[in-house]
Amino acid sequence: MKEKFNPNKQHTISNAVSISGTGLHTGALVDMKLNPANPGFGIQFQRVDLQGKPIIKADCDLVTDTSRGTTLQIGDARVSTVEHLLAALVGMGVDNVLVELNGPEIPIMDGSAQPFVEILEEAGVEEQEAAKIWYSIDENIYHYDEEKRVEMVVMPSANFSVTALIDFNSPVLGTQYAQLKNIRDFKSEIASCRTFSFLHELEALLDHNLIKGGDINNAIIVVDKPVTDKEMERLAKVFKRDKVEVKSSGYLNNVELRFSNEPARHKLLDIVGDLALIGYPIKGRILANRPGHSSNVAFAKVIKNHIKKNRHVKDVPVYDYTQPPVYTIEQIEKTLPHRYPFLLVDKIIDLTDTSIVGVKNVTFNEQFFQGHFPGNPVMPGVLQIEALAQTGGILCINLMGEGTYDTYFLKIDNCKFKQMVKPGDTLLLKMELNGPIRRGLCDMHGTVYANGKVATEADMVAQVVKRQ
């Protein structure tokens, strides 16, 4: 019986798998190999044909060109037309993979994501022992491009879904609509939908010696203007056909449509692939009107910047004061040597083997307010760090087992004070282990949350010493 896919776990592929094909614009034959990768690796591309075998991360900040697909670049190393492969990886739930290439472009194959879905199925998708951290969109995020008349928005939703609307003022295409209600439907509803181009765009690309790898079978060609016999003869020669002609439906006679709205579905496919460049899996409902690669990438950057700005808020611990604490103040005093006026943790509300959350209620009666900014009471940042240190000390001591221990902090790095703490604030003190405790050394990341916002954060290293 097939195991149920767990969307809250990270996944990679079970085995390496390869595929070869022609790059659409370069015409070069490219060999592509997908390799399993560790949790947290993400999707990265490696140009094995270049000196040093440079690696390029799937990141919207590395996009350098969107004119004929999405191109990623670091230095002189670039990978073009990444969107169909990225869409297949997202659609199949693959989070971590290394993509090796011996050329500058992902093979175009049939112009859809279907060939990539098939090789991913061949490789097998494997669950990893690591949580997949979703970012749930909590407010509407918009992107407008007035020049191209593009409108995109992502709204709060319990799932990831996409709706795409296209309107190119074309009598052939008309207005088309496509929807992906659940990513589980990507394989059956979206993956096989091929890229499309208008004939006049195709001719412009040919005039500029592009689409060298173009084949009559890897794109839907829309013909919405009269075409001369001479132009048809040219196309037949380019595509190595005896004859090409326009169907009554307004499409070149190269392909049969797989869906009546296949062009709109392909635009949706591109959205899924391009938004993979955000770097965070998101839960939200996306509506896109007249999307394209440049707008998709611009939208991905807007979403990524929003997440970077607000992601710490998502990590704010939930404090329910009606629930009994894990450690009361009496239990804290039995664990830590600190006493008034230097005991800066009132209670512990959450404790695991890797993290701890403490509470500090800041009042006007704190002794340090008498001498620190009299008339403008602000809690000293160094005491916020001390409160974190005491909270982390409880976590470390709790992990040491039998005996009585003290913690001594050896190093503080990357300390940042982001907002003032004043009387009346309730501080949530969160400490997380960056790795297992080794030889009594604890490497931790600490965050002080005040009123739901990050006030202070720092990386700390402490040593746990057993009392004699």
# chains A, B, ... in the order shown; residues from 1 in each chain; ligands from 1
>>> residues_around(residues="segment 149-164 of chain A", least_positions_apart="6", cutoff="8 Å", atoms="only C-alpha atoms", output="ChimeraX atom specification")
/A:136-143,177-183,264-265,267-268,272,282-291,295,299
>>> residues_around(residues="segment 388-400 of chain A", least_positions_apart="5", cutoff="7 Å", atoms="only C-alpha atoms", output="MDAnalysis selection string")
chainID A and resid 335 345 353 355:356 358 405 407 429 431 446
>>> atom_distance(atom1="atom CA of Thr64 of chain A", atom2="atom CA of Gln10 of chain A")
28.5 Å
>>> closest_residue(among="A:Ala87, A:Leu62, A:Ala37, A:Ile55", to="Gln128 of chain A", atoms="only C-alpha atoms")
A:Ala37
>>> residues_around(residues="Ile385 of chain A", least_positions_apart="6", cutoff="12 Å", atoms="only C-alpha atoms", output="count of residues only")
28
>>> select_by_dssp(residues="segment 291-348 of chain A", states="alpha helix (DSSP H)", output="list of chain:residue names")
A:His293, A:Ser294, A:Ser295, A:Asn296, A:Val297, A:Ala298, A:Phe299, A:Ala300, A:Lys301, A:Val302, A:Ile303, A:Lys304, A:Asn305, A:His306, A:Ile307, A:Lys308, A:Lys309, A:Asn310, A:Arg311, A:His312, A:Val313, A:Lys314, A:Ile329, A:Glu330, A:Gln331, A:Ile332, A:Glu333, A:Lys334, A:Thr335
>>> select_by_dssp(residues="segment 297-424 of chain A", states="strand (DSSP E)", output="MDAnalysis selection string")
chainID A and resid 347:351 355:361 405:417
>>> write_last_selection(atoms="N, CA and C atoms", output="PDB file, in the first residue's frame")
ATOM      1  N   LYS A 347       8.591  32.759  34.982  1.00  0.00           N
ATOM      2  CA  LYS A 347       8.106  31.385  34.834  1.00  0.00           C
ATOM      3  C   LYS A 347       8.500  30.845  33.476  1.00  0.00           C
ATOM      4  N   ILE A 348       8.437  29.526  33.353  1.00  0.00           N
ATOM      5  CA  ILE A 348       8.697  28.835  32.083  1.00  0.00           C
ATOM      6  C   ILE A 348       7.373  28.267  31.604  1.00  0.00           C
ATOM      7  N   ILE A 349       7.003  28.589  30.339  1.00  0.00           N
ATOM      8  CA  ILE A 349       5.703  28.134  29.827  1.00  0.00           C
ATOM      9  C   ILE A 349       5.826  27.042  28.771  1.00  0.00           C
ATOM     10  N   ASP A 350       7.053  26.800  28.286  1.00  0.00           N
ATOM     11  CA  ASP A 350       7.231  25.736  27.295  1.00  0.00           C
ATOM     12  C   ASP A 350       8.655  25.221  27.400  1.00  0.00           C
ATOM     13  N   LEU A 351       8.822  23.900  27.337  1.00  0.00           N
ATOM     14  CA  LEU A 351      10.151  23.302  27.468  1.00  0.00           C
ATOM     15  C   LEU A 351      10.189  21.987  26.709  1.00  0.00           C
ATOM     16  N   SER A 355      14.239  23.484  22.870  1.00  0.00           N
ATOM     17  CA  SER A 355      13.846  24.883  23.028  1.00  0.00           C
ATOM     18  C   SER A 355      13.141  25.115  24.362  1.00  0.00           C
ATOM     19  N   ILE A 356      13.064  26.385  24.734  1.00  0.00           N
ATOM     20  CA  ILE A 356      12.425  26.772  25.987  1.00  0.00           C
ATOM     21  C   ILE A 356      11.847  28.169  25.806  1.00  0.00           C
ATOM     22  N   VAL A 357      10.736  28.434  26.493  1.00  0.00           N
ATOM     23  CA  VAL A 357      10.134  29.769  26.467  1.00  0.00           C
ATOM     24  C   VAL A 357       9.872  30.204  27.904  1.00  0.00           C
ATOM     25  N   GLY A 358      10.435  31.342  28.287  1.00  0.00           N
ATOM     26  CA  GLY A 358      10.216  31.914  29.609  1.00  0.00           C
ATOM     27  C   GLY A 358       9.430  33.203  29.508  1.00  0.00           C
ATOM     28  N   VAL A 359       8.937  33.665  30.639  1.00  0.00           N
ATOM     29  CA  VAL A 359       8.164  34.902  30.706  1.00  0.00           C
ATOM     30  C   VAL A 359       8.800  35.840  31.716  1.00  0.00           C
ATOM     31  N   LYS A 360       8.901  37.112  31.332  1.00  0.00           N
ATOM     32  CA  LYS A 360       9.354  38.160  32.241  1.00  0.00           C
ATOM     33  C   LYS A 360       8.350  39.308  32.165  1.00  0.00           C
ATOM     34  N   ASN A 361       7.684  39.586  33.271  1.00  0.00           N
ATOM     35  CA  ASN A 361       6.763  40.711  33.338  1.00  0.00           C
ATOM     36  C   ASN A 361       7.529  41.942  33.803  1.00  0.00           C
ATOM     37  N   TYR A 405      23.939  21.906  38.449  1.00  0.00           N
ATOM     38  CA  TYR A 405      24.801  22.538  37.444  1.00  0.00           C
ATOM     39  C   TYR A 405      24.626  24.052  37.442  1.00  0.00           C
ATOM     40  N   ASP A 406      25.635  24.726  36.960  1.00  0.00           N
ATOM     41  CA  ASP A 406      25.567  26.154  36.662  1.00  0.00           C
ATOM     42  C   ASP A 406      25.943  26.346  35.192  1.00  0.00           C
ATOM     43  N   THR A 407      25.446  27.447  34.613  1.00  0.00           N
ATOM     44  CA  THR A 407      25.807  27.761  33.223  1.00  0.00           C
ATOM     45  C   THR A 407      26.580  29.073  33.198  1.00  0.00           C
ATOM     46  N   TYR A 408      27.633  29.089  32.388  1.00  0.00           N
ATOM     47  CA  TYR A 408      28.457  30.278  32.229  1.00  0.00           C
ATOM     48  C   TYR A 408      28.508  30.612  30.741  1.00  0.00           C
ATOM     49  N   PHE A 409      28.078  31.816  30.396  1.00  0.00           N
ATOM     50  CA  PHE A 409      28.069  32.176  28.989  1.00  0.00           C
ATOM     51  C   PHE A 409      29.453  32.608  28.529  1.00  0.00           C
ATOM     52  N   LEU A 410      29.866  32.013  27.391  1.00  0.00           N
ATOM     53  CA  LEU A 410      31.215  32.223  26.876  1.00  0.00           C
ATOM     54  C   LEU A 410      31.266  33.233  25.734  1.00  0.00           C
ATOM     55  N   LYS A 411      30.139  33.342  24.989  1.00  0.00           N
ATOM     56  CA  LYS A 411      30.199  34.183  23.794  1.00  0.00           C
ATOM     57  C   LYS A 411      28.800  34.651  23.429  1.00  0.00           C
ATOM     58  N   ILE A 412      28.708  35.870  22.955  1.00  0.00           N
ATOM     59  CA  ILE A 412      27.462  36.432  22.425  1.00  0.00           C
ATOM     60  C   ILE A 412      27.778  37.040  21.060  1.00  0.00           C
ATOM     61  N   ASP A 413      27.073  36.604  20.044  1.00  0.00           N
ATOM     62  CA  ASP A 413      27.275  37.109  18.680  1.00  0.00           C
ATOM     63  C   ASP A 413      25.952  37.610  18.102  1.00  0.00           C
ATOM     64  N   ASN A 414      26.076  38.440  17.067  1.00  0.00           N
ATOM     65  CA  ASN A 414      24.918  38.888  16.282  1.00  0.00           C
ATOM     66  C   ASN A 414      23.808  39.456  17.158  1.00  0.00           C
ATOM     67  N   CYS A 415      24.195  40.192  18.184  1.00  0.00           N
ATOM     68  CA  CYS A 415      23.205  40.765  19.100  1.00  0.00           C
ATOM     69  C   CYS A 415      22.577  42.009  18.461  1.00  0.00           C
ATOM     70  N   LYS A 416      21.241  42.033  18.449  1.00  0.00           N
ATOM     71  CA  LYS A 416      20.515  43.159  17.851  1.00  0.00           C
ATOM     72  C   LYS A 416      19.376  43.579  18.776  1.00  0.00           C
ATOM     73  N   PHE A 417      19.255  44.898  18.981  1.00  0.00           N
ATOM     74  CA  PHE A 417      18.154  45.456  19.762  1.00  0.00           C
ATOM     75  C   PHE A 417      17.235  46.196  18.796  1.00  0.00           C
TER      76      PHE A 417
END
>>> closest_residue(among="A:Val79, A:Val94, A:Leu441, A:Val99", to="Leu34 of chain A", atoms="only C-alpha atoms")
A:Val99
>>> residues_around(residues="Leu101 of chain A", least_positions_apart="4", cutoff="10 Å", atoms="only C-alpha atoms", output="VMD selection string")
chain A and resid 18 20 30 to 34 45 to 50 53 79 105 to 107
>>> write_last_selection(atoms="C-alpha atoms", output="short mmCIF file (atom, residue, chain, number, x, y, z; two decimals), in the first residue's frame")
data_model
loop_
_atom_site.label_atom_id
_atom_site.label_comp_id
_atom_site.auth_asym_id
_atom_site.auth_seq_id
_atom_site.Cartn_x
_atom_site.Cartn_y
_atom_site.Cartn_z
CA SER A 18 18.66 11.81 -15.54
CA SER A 20 18.45 14.83 -21.80
CA VAL A 30 21.72 19.35 -22.36
CA ASP A 31 22.09 16.44 -19.94
CA MET A 32 20.31 17.01 -16.64
CA LYS A 33 20.65 14.89 -13.51
CA LEU A 34 18.56 15.25 -10.37
CA PHE A 45 21.42 24.08 -9.82
CA GLN A 46 25.02 23.12 -10.59
CA ARG A 47 26.78 23.85 -13.89
CA VAL A 48 29.10 20.83 -14.01
CA ASP A 49 30.47 21.97 -17.39
CA LEU A 50 32.00 25.14 -15.96
CA LYS A 53 31.21 23.64 -11.00
CA VAL A 79 20.70 28.54 -15.94
CA GLU A 105 19.45 25.79 -20.13
CA ILE A 106 16.92 23.28 -18.79
CA PRO A 107 15.78 21.02 -21.66
#
>>> closest_residue(among="A:Arg258, A:Lys243, A:Arg234, A:His338", to="Arg194 of chain A", atoms="only C-alpha atoms")
A:Arg258
>>> atom_distance(atom1="atom CA of Leu433 of chain A", atom2="atom CA of Val326 of chain A")
18.5 Å
>>> atom_distance(atom1="atom CA of Asp110 of chain A", atom2="atom CA of His293 of chain A")
18.8 Å
>>> residues_around(residues="Thr71 of chain A", least_positions_apart="3", cutoff="12 Å", atoms="only C-alpha atoms", output="NGL selection string")
:A and (25 or 45 or 56-68 or 74 or 77-84 or 104-106 or 274 or 277 or 293-294 or 297)
